[in-house]
Amino acid sequence: MPFNILNDSDGLPRVLLSEPGGSSAQVLLYGGQVVSWKNERGEELLFMSSKATWKSRKAIRGGISVCFPQFRNLGLLEHQGSARNRLWSLDSCPLPLAPASNQSSVDLLLKPTKEDLKTWPRSFELRLRISLGPGKLTLIPCVRNTDIKSFSFTFALRNYLSVSDISEVRVEGLETLDYFDNLLHRERFTEQADAITFDGEVDRVYLSTPTNIAIIDHEKKRTLVLHKVGLPDAVVWNPWDKMARALPDFGAEDYKTMLSVDSAAVETPIVLKPFEEWKGRQELSTVSSSYCSGQLDPQKVLHGI
């Protein structure tokens with residue numbers, strides 16, 4: 001299905017995706033960032049900070065952003081990588097993927113600028129296909145090494161999710177796994193709880209995670225399923241009140257209605273030889289029922305039954 005491009009008053013061109021079932025998505029060419037995903041009832045499924053800065057050439061706090069070639073400050077490069085702070089282009093030679101029926105897709109491309117090569121002298125092509133289908137949003141990133149030398153990178157799709165009340169949310173699928181706690185100098189722990197719940201700041205990198213993770217929102221009676229391939233780690237983050245007040249582009253009360261659960265390759269960097277490529281995949285889908293209502297067996301969701 002075709003897409004539309006809109007040039008807003010903020011000067012940021014955006015791609016509008018829609019599908020026959022009534023859901024929609026918006027993607028900025030700046031940063032290749034998804035800034036909206038609405039279901040067939042027009043309900044926003046992604047979080048956007050009340051203090052998000054749209055007019056400056058900075059990453060926008062919310063939606064789904066691409067972290068490449070570095071996640072956070074795990075290296076000497078730009079925090080969270082440069083990809084989210086660059087203008088992407090529409091890809092004239094997109095990934096050779098079979099189009100799916102009833103889906104609306106856009107293919108984006110990012111190549112390093114001369115300035116980028118001064119700080120990270122590696123030539124690459126980063127492609128991103130974003131597809132909208134009934135109840136599902138799919139992102140397929142692909143990195144190709146076009147350099148004459150090998151290089152390594154870390155990668156993440158940072159998913160800011162909209163929730164009703166963070167204290168009523170639980171994340172399942174990460175129990176018994178090891179994680180790095182970024183609040184304790186990246187010390188390594190093993191998750192002991194049956195599910196992750198929230199009553200304070202959380203900033204963890206879960207390692208070697210399963211394909212499916214369920215984010216269960218009791219109040220909205222909705223479960224969001226994160227399905228990922230090629231992205232073995234998962235980052236769970238909520239700043240809570242103190243950190244929220246310290247972030248200039250984050251509303252003081254915003255932490256109550258958001259949760260970030262990211263698909264990532266962090267613990268073990270991805271290494272590409274010249275002309276090799278890496279491909280990942282992430283699907284976000286919704287289940288219109290709630291674990292607390294007894295209508296949803298989370299194990300069936302996590303195992304795709």
# chains A, B, ... in the order shown; residues from 1 in each chain; ligands from 1

$ closest_atom_pairs --of "stretch 1-95 of chain A" --to "stretch 226-242 of chain A" --cutoff "12 Å" --atoms "only C-alpha atoms" --output "JSON lines"
{"residue": "A:Phe47", "atom": "CA", "partner": "A:Asn238", "partner_atom": "CA", "distance": 12.0}
{"residue": "A:Phe71", "atom": "CA", "partner": "A:Val235", "partner_atom": "CA", "distance": 10.6}
{"residue": "A:Arg72", "atom": "CA", "partner": "A:Val235", "partner_atom": "CA", "distance": 11.1}

$ write_last_selection --atoms "all heavy atoms" --output "PDB file, in the first residue's frame"
ATOM      1  N   PHE A  47       4.470   6.222  23.591  1.00  0.00           N
ATOM      2  CA  PHE A  47       4.590   7.372  24.483  1.00  0.00           C
ATOM      3  C   PHE A  47       5.392   8.477  23.799  1.00  0.00           C
ATOM      4  O   PHE A  47       6.367   8.218  23.089  1.00  0.00           O
ATOM      5  CB  PHE A  47       5.293   6.953  25.768  1.00  0.00           C
ATOM      6  CG  PHE A  47       5.809   8.103  26.600  1.00  0.00           C
ATOM      7  CD1 PHE A  47       4.967   8.785  27.463  1.00  0.00           C
ATOM      8  CD2 PHE A  47       7.134   8.514  26.500  1.00  0.00           C
ATOM      9  CE1 PHE A  47       5.437   9.843  28.226  1.00  0.00           C
ATOM     10  CE2 PHE A  47       7.622   9.557  27.259  1.00  0.00           C
ATOM     11  CZ  PHE A  47       6.770  10.225  28.121  1.00  0.00           C
ATOM     12  N   PHE A  71      25.124   1.983  21.533  1.00  0.00           N
ATOM     13  CA  PHE A  71      24.023   2.103  22.481  1.00  0.00           C
ATOM     14  C   PHE A  71      24.504   2.850  23.718  1.00  0.00           C
ATOM     15  O   PHE A  71      25.534   2.503  24.309  1.00  0.00           O
ATOM     16  CB  PHE A  71      23.498   0.719  22.870  1.00  0.00           C
ATOM     17  CG  PHE A  71      22.372   0.767  23.859  1.00  0.00           C
ATOM     18  CD1 PHE A  71      21.130   1.233  23.483  1.00  0.00           C
ATOM     19  CD2 PHE A  71      22.557   0.364  25.173  1.00  0.00           C
ATOM     20  CE1 PHE A  71      20.085   1.285  24.389  1.00  0.00           C
ATOM     21  CE2 PHE A  71      21.520   0.403  26.084  1.00  0.00           C
ATOM     22  CZ  PHE A  71      20.280   0.870  25.699  1.00  0.00           C
ATOM     23  N   ARG A  72      23.751   3.869  24.076  1.00  0.00           N
ATOM     24  CA  ARG A  72      24.063   4.708  25.237  1.00  0.00           C
ATOM     25  C   ARG A  72      25.515   5.188  25.188  1.00  0.00           C
ATOM     26  O   ARG A  72      25.992   5.653  24.160  1.00  0.00           O
ATOM     27  CB  ARG A  72      23.731   3.985  26.540  1.00  0.00           C
ATOM     28  CG  ARG A  72      22.228   3.807  26.750  1.00  0.00           C
ATOM     29  CD  ARG A  72      21.904   3.436  28.159  1.00  0.00           C
ATOM     30  NE  ARG A  72      20.455   3.347  28.338  1.00  0.00           N
ATOM     31  CZ  ARG A  72      19.882   2.934  29.438  1.00  0.00           C
ATOM     32  NH1 ARG A  72      20.622   2.562  30.462  1.00  0.00           N
ATOM     33  NH2 ARG A  72      18.580   2.881  29.529  1.00  0.00           N
TER      34      ARG A  72
END

$ residues_around --residues "stretch 117-119 of chain A" --least-positions-apart "4" --cutoff "12 Å" --atoms "only C-alpha atoms" --output "PyMOL selection string"
chain A and resi 69+76-78+81-82+111-113+123-124+147

$ write_last_selection --atoms "C-alpha atoms" --output "mmCIF file, in the first residue's frame"
data_model
loop_
_atom_site.group_PDB
_atom_site.id
_atom_site.type_symbol
_atom_site.label_atom_id
_atom_site.label_comp_id
_atom_site.auth_asym_id
_atom_site.auth_seq_id
_atom_site.Cartn_x
_atom_site.Cartn_y
_atom_site.Cartn_z
ATOM 1 C CA PRO A 69 26.430 2.421 15.965
ATOM 2 C CA LEU A 76 33.604 6.625 22.713
ATOM 3 C CA LEU A 77 31.016 7.699 20.138
ATOM 4 C CA GLU A 78 27.940 9.916 20.382
ATOM 5 C CA GLY A 81 24.763 6.699 18.361
ATOM 6 C CA SER A 82 24.415 9.162 15.510
ATOM 7 C CA LYS A 111 24.712 6.537 5.006
ATOM 8 C CA PRO A 112 27.505 8.328 6.896
ATOM 9 C CA THR A 113 28.233 11.954 6.111
ATOM 10 C CA SER A 123 31.444 3.233 5.631
ATOM 11 C CA PHE A 124 28.057 1.564 5.988
ATOM 12 C CA ASP A 147 34.090 -0.434 4.094
#

$ residues_around --residues "A:Asp178" --least-positions-apart "6" --cutoff "9 Å" --atoms "only C-alpha atoms" --output "PyMOL selection string"
chain A and resi 188-191+205-208

$ residues_around --residues "A:Leu272" --least-positions-apart "3" --cutoff "7 Å" --atoms "only C-alpha atoms" --output "ChimeraX atom specification"
/A:145,150-152,276-277

$ write_last_selection --atoms "N, CA and C atoms" --output "mmCIF file, in the first residue's frame"
data_model
loop_
_atom_site.group_PDB
_atom_site.id
_atom_site.type_symbol
_atom_site.label_atom_id
_atom_site.label_comp_id
_atom_site.auth_asym_id
_atom_site.auth_seq_id
_atom_site.Cartn_x
_atom_site.Cartn_y
_atom_site.Cartn_z
ATOM 1 N N ASN A 145 28.186 -3.543 5.753
ATOM 2 C CA ASN A 145 29.529 -2.982 5.807
ATOM 3 C C ASN A 145 30.003 -2.708 4.379
ATOM 4 N N SER A 150 36.823 -4.522 8.623
ATOM 5 C CA SER A 150 35.751 -4.976 9.509
ATOM 6 C C SER A 150 35.428 -3.903 10.539
ATOM 7 N N PHE A 151 34.201 -3.908 11.043
ATOM 8 C CA PHE A 151 33.856 -3.033 12.159
ATOM 9 C C PHE A 151 32.825 -3.713 13.042
ATOM 10 N N SER A 152 32.700 -3.214 14.264
ATOM 11 C CA SER A 152 31.722 -3.743 15.209
ATOM 12 C C SER A 152 30.827 -2.599 15.676
ATOM 13 N N GLU A 276 29.749 -7.716 4.376
ATOM 14 C CA GLU A 276 28.793 -8.531 5.114
ATOM 15 C C GLU A 276 27.649 -7.654 5.602
ATOM 16 N N GLU A 277 26.516 -8.283 5.934
ATOM 17 C CA GLU A 277 25.393 -7.529 6.469
ATOM 18 C C GLU A 277 24.741 -8.281 7.619
#

$ select_by_dssp --residues "stretch 111-241 of chain A" --states "strand (DSSP E or B)" --output "NGL selection string"
:A and (124-133 or 136-145 or 151-162 or 169-172 or 178-181 or 187-190 or 196 or 202-206 or 212-217 or 222-229 or 233-238)

$ closest_residue --among "A:Arg41, A:Val66, A:Phe153, A:Ile140" --to "A:Trp120" --atoms "only C-alpha atoms"
A:Phe153

$ residues_around --residues "A:Asn4" --least-positions-apart "2" --cutoff "8 Å" --atoms "only C-alpha atoms" --output "list in words"
Pro2, Leu6, Val15, Leu16 and Leu17 of chain A

$ write_last_selection --atoms "C-alpha atoms" --output "short mmCIF file (atom, residue, chain, number, x, y, z; two decimals), in the first residue's frame"
data_model
loop_
_atom_site.label_atom_id
_atom_site.label_comp_id
_atom_site.auth_asym_id
_atom_site.auth_seq_id
_atom_site.Cartn_x
_atom_site.Cartn_y
_atom_site.Cartn_z
CA PRO A 2 1.28 3.53 -0.75
CA LEU A 6 3.73 15.48 5.00
CA VAL A 15 5.76 9.61 6.40
CA LEU A 16 2.14 8.69 7.09
CA LEU A 17 1.24 5.00 7.05
#

$ closest_atom_pairs --of "stretch 112-170 of chain A" --to "stretch 55-64 of chain A" --cutoff "10 Å" --atoms "only C-alpha atoms" --output "CSV"
residue,atom,partner,partner_atom,distance
A:Leu139,CA,A:Ile64,CA,9.6
A:Ala156,CA,A:Ile64,CA,9.9
A:Leu157,CA,A:Ile64,CA,6.5
A:Arg158,CA,A:Ile64,CA,5.3
A:Asn159,CA,A:Ile64,CA,4.7
A:Tyr160,CA,A:Gly63,CA,5.2
A:Leu161,CA,A:Gly63,CA,7.3
A:Ser162,CA,A:Gly63,CA,9.2

$ atom_distance --atom1 "atom CA of A:Met243" --atom2 "atom CA of A:Leu28"
27.1 Å

$ atom_distance --atom1 "atom CA of A:Ile166" --atom2 "atom CA of A:Asp199"
8.2 Å

$ closest_residue --among "A:Phe3, A:Tyr255, A:Trp37, A:Trp278" --to "A:Thr138" --atoms "only C-alpha atoms"
A:Trp37

$ atom_distance --atom1 "atom CA of A:Gly31" --atom2 "atom CA of A:Ile215"
25.6 Å

$ closest_residue --among "A:Ile270, A:Ala25, A:Met48, A:Leu224" --to "A:Ser104" --atoms "only C-alpha atoms"
A:Ala25

$ closest_residue --among "A:Leu46, A:Leu108, A:Leu126, A:Ala246" --to "A:Phe155" --atoms "only C-alpha atoms"
A:Leu126

$ closest_residue --among "A:Leu177, A:Gly251, A:Glu283, A:Phe275" --to "A:Thr211" --atoms "only C-alpha atoms"
A:Glu283

$ residues_around --residues "A:Gly32" --least-positions-apart "4" --cutoff "9 Å" --atoms "only C-alpha atoms" --output "mmCIF file with all heavy atoms, in the first residue's frame"
data_model
loop_
_atom_site.group_PDB
_atom_site.id
_atom_site.type_symbol
_atom_site.label_atom_id
_atom_site.label_comp_id
_atom_site.auth_asym_id
_atom_site.auth_seq_id
_atom_site.Cartn_x
_atom_site.Cartn_y
_atom_site.Cartn_z
ATOM 1 N N VAL A 27 6.204 8.392 10.707
ATOM 2 C CA VAL A 27 7.648 8.178 10.768
ATOM 3 C C VAL A 27 8.353 9.444 10.301
ATOM 4 O O VAL A 27 8.081 9.943 9.211
ATOM 5 C CB VAL A 27 8.077 6.996 9.870
ATOM 6 C CG1 VAL A 27 9.572 6.730 10.028
ATOM 7 C CG2 VAL A 27 7.259 5.747 10.171
ATOM 8 N N LEU A 28 9.256 9.958 11.128
ATOM 9 C CA LEU A 28 10.056 11.106 10.736
ATOM 10 C C LEU A 28 11.244 10.652 9.911
ATOM 11 O O LEU A 28 11.897 9.656 10.226
ATOM 12 C CB LEU A 28 10.568 11.859 11.968
ATOM 13 C CG LEU A 28 9.554 12.531 12.892
ATOM 14 C CD1 LEU A 28 10.288 13.290 13.996
ATOM 15 C CD2 LEU A 28 8.638 13.468 12.120
ATOM 16 N N ILE A 64 9.702 5.369 18.694
ATOM 17 C CA ILE A 64 10.688 4.301 18.515
ATOM 18 C C ILE A 64 11.889 4.899 17.797
ATOM 19 O O ILE A 64 11.766 5.348 16.660
ATOM 20 C CB ILE A 64 10.130 3.118 17.703
ATOM 21 C CG1 ILE A 64 8.853 2.564 18.343
ATOM 22 C CG2 ILE A 64 11.175 2.015 17.572
ATOM 23 C CD1 ILE A 64 8.177 1.483 17.517
ATOM 24 N N SER A 65 13.033 4.897 18.457
ATOM 25 C CA SER A 65 14.235 5.473 17.856
ATOM 26 C C SER A 65 15.276 4.393 17.610
ATOM 27 O O SER A 65 15.267 3.334 18.240
ATOM 28 C CB SER A 65 14.807 6.581 18.755
ATOM 29 O OG SER A 65 15.137 6.079 20.032
ATOM 30 N N VAL A 66 16.187 4.687 16.680
ATOM 31 C CA VAL A 66 17.242 3.757 16.286
ATOM 32 C C VAL A 66 18.552 4.180 16.941
ATOM 33 O O VAL A 66 19.006 5.311 16.745
ATOM 34 C CB VAL A 66 17.407 3.726 14.753
ATOM 35 C CG1 VAL A 66 18.541 2.776 14.353
ATOM 36 C CG2 VAL A 66 16.107 3.331 14.074
ATOM 37 N N ALA A 83 22.693 7.739 14.487
ATOM 38 C CA ALA A 83 21.597 7.486 13.553
ATOM 39 C C ALA A 83 20.331 8.257 13.914
ATOM 40 O O ALA A 83 19.591 8.704 13.038
ATOM 41 C CB ALA A 83 21.295 5.986 13.493
ATOM 42 N N ARG A 84 20.061 8.425 15.181
ATOM 43 C CA ARG A 84 18.824 9.101 15.602
ATOM 44 C C ARG A 84 18.908 10.611 15.454
ATOM 45 O O ARG A 84 17.914 11.304 15.653
ATOM 46 C CB ARG A 84 18.493 8.726 17.049
ATOM 47 C CG ARG A 84 19.507 9.238 18.060
ATOM 48 C CD ARG A 84 19.215 8.762 19.454
ATOM 49 N NE ARG A 84 20.005 9.515 20.422
ATOM 50 C CZ ARG A 84 19.572 9.895 21.604
ATOM 51 N NH1 ARG A 84 18.348 9.598 21.984
ATOM 52 N NH2 ARG A 84 20.350 10.569 22.421
ATOM 53 N N ASN A 85 20.099 11.123 15.124
ATOM 54 C CA ASN A 85 20.284 12.567 14.950
ATOM 55 C C ASN A 85 20.691 12.934 13.531
ATOM 56 O O ASN A 85 21.346 13.945 13.307
ATOM 57 C CB ASN A 85 21.351 13.084 15.921
ATOM 58 C CG ASN A 85 20.844 13.133 17.347
ATOM 59 O OD1 ASN A 85 19.767 13.652 17.604
ATOM 60 N ND2 ASN A 85 21.603 12.572 18.273
ATOM 61 N N ARG A 86 20.311 12.090 12.569
ATOM 62 C CA ARG A 86 20.645 12.344 11.172
ATOM 63 C C ARG A 86 19.384 12.285 10.318
ATOM 64 O O ARG A 86 18.415 11.608 10.663
ATOM 65 C CB ARG A 86 21.662 11.313 10.655
ATOM 66 C CG ARG A 86 22.988 11.321 11.378
ATOM 67 C CD ARG A 86 23.765 12.614 11.179
ATOM 68 N NE ARG A 86 25.074 12.535 11.818
ATOM 69 C CZ ARG A 86 25.327 12.926 13.071
ATOM 70 N NH1 ARG A 86 24.330 13.386 13.830
ATOM 71 N NH2 ARG A 86 26.549 12.844 13.572
ATOM 72 N N LEU A 87 19.442 12.974 9.185
ATOM 73 C CA LEU A 87 18.317 12.955 8.242
ATOM 74 C C LEU A 87 18.453 11.747 7.324
ATOM 75 O O LEU A 87 19.443 11.612 6.609
ATOM 76 C CB LEU A 87 18.287 14.245 7.418
ATOM 77 C CG LEU A 87 17.082 14.403 6.481
ATOM 78 C CD1 LEU A 87 15.787 14.509 7.297
ATOM 79 C CD2 LEU A 87 17.255 15.633 5.594
ATOM 80 N N TRP A 88 17.483 10.859 7.383
ATOM 81 C CA TRP A 88 17.456 9.678 6.542
ATOM 82 C C TRP A 88 16.813 10.021 5.196
ATOM 83 O O TRP A 88 16.177 11.075 5.045
ATOM 84 C CB TRP A 88 16.669 8.564 7.204
ATOM 85 C CG TRP A 88 17.245 8.020 8.488
ATOM 86 C CD1 TRP A 88 17.668 8.736 9.569
ATOM 87 C CD2 TRP A 88 17.447 6.647 8.825
ATOM 88 N NE1 TRP A 88 18.118 7.899 10.558
ATOM 89 C CE2 TRP A 88 18.002 6.606 10.138
ATOM 90 C CE3 TRP A 88 17.215 5.450 8.160
ATOM 91 C CZ2 TRP A 88 18.304 5.410 10.779
ATOM 92 C CZ3 TRP A 88 17.525 4.250 8.800
ATOM 93 C CH2 TRP A 88 18.066 4.234 10.085
ATOM 94 N N SER A 89 16.950 9.133 4.233
ATOM 95 C CA SER A 89 16.318 9.320 2.926
ATOM 96 C C SER A 89 15.422 8.132 2.621
ATOM 97 O O SER A 89 15.543 7.056 3.232
ATOM 98 C CB SER A 89 17.379 9.467 1.832
ATOM 99 O OG SER A 89 18.177 8.297 1.743
ATOM 100 N N LEU A 108 13.646 3.140 4.484
ATOM 101 C CA LEU A 108 14.524 4.277 4.727
ATOM 102 C C LEU A 108 15.979 3.841 4.640
ATOM 103 O O LEU A 108 16.314 2.669 4.843
ATOM 104 C CB LEU A 108 14.251 4.875 6.107
ATOM 105 C CG LEU A 108 12.818 5.326 6.393
ATOM 106 C CD1 LEU A 108 12.711 5.918 7.799
ATOM 107 C CD2 LEU A 108 12.337 6.337 5.353
ATOM 108 N N LEU A 109 16.851 4.822 4.360
ATOM 109 C CA LEU A 109 18.274 4.544 4.191
ATOM 110 C C LEU A 109 19.094 5.634 4.866
ATOM 111 O O LEU A 109 18.778 6.825 4.768
ATOM 112 C CB LEU A 109 18.629 4.496 2.701
ATOM 113 C CG LEU A 109 20.118 4.394 2.325
ATOM 114 C CD1 LEU A 109 20.709 3.081 2.813
ATOM 115 C CD2 LEU A 109 20.288 4.546 0.812
ATOM 116 N N LEU A 110 20.163 5.208 5.538
ATOM 117 C CA LEU A 110 21.105 6.149 6.146
ATOM 118 C C LEU A 110 22.525 5.744 5.766
ATOM 119 O O LEU A 110 22.905 4.580 5.911
ATOM 120 C CB LEU A 110 20.967 6.156 7.674
ATOM 121 C CG LEU A 110 21.921 7.101 8.418
ATOM 122 C CD1 LEU A 110 21.575 8.554 8.133
ATOM 123 C CD2 LEU A 110 21.899 6.823 9.917
ATOM 124 N N LEU A 128 16.185 0.511 6.889
ATOM 125 C CA LEU A 128 15.120 0.257 7.858
ATOM 126 C C LEU A 128 13.792 0.191 7.124
ATOM 127 O O LEU A 128 13.390 1.153 6.462
ATOM 128 C CB LEU A 128 15.072 1.368 8.915
ATOM 129 C CG LEU A 128 14.000 1.234 9.994
ATOM 130 C CD1 LEU A 128 14.255 0.003 10.862
ATOM 131 C CD2 LEU A 128 13.950 2.489 10.863
#

$ select_by_dssp --residues "stretch 106-259 of chain A" --states "helix (DSSP H, G or I)" --output "list in words"
Lys114, Glu115, Asp116, Leu117, Lys118, Thr119, Ile166, Ser167, Glu168, Asn182, Leu183, Leu184, Trp240, Asp241, Lys242, Met243, Ala244, Arg245, Ala246, Asp254, Tyr255, Lys256 and Thr257 of chain A
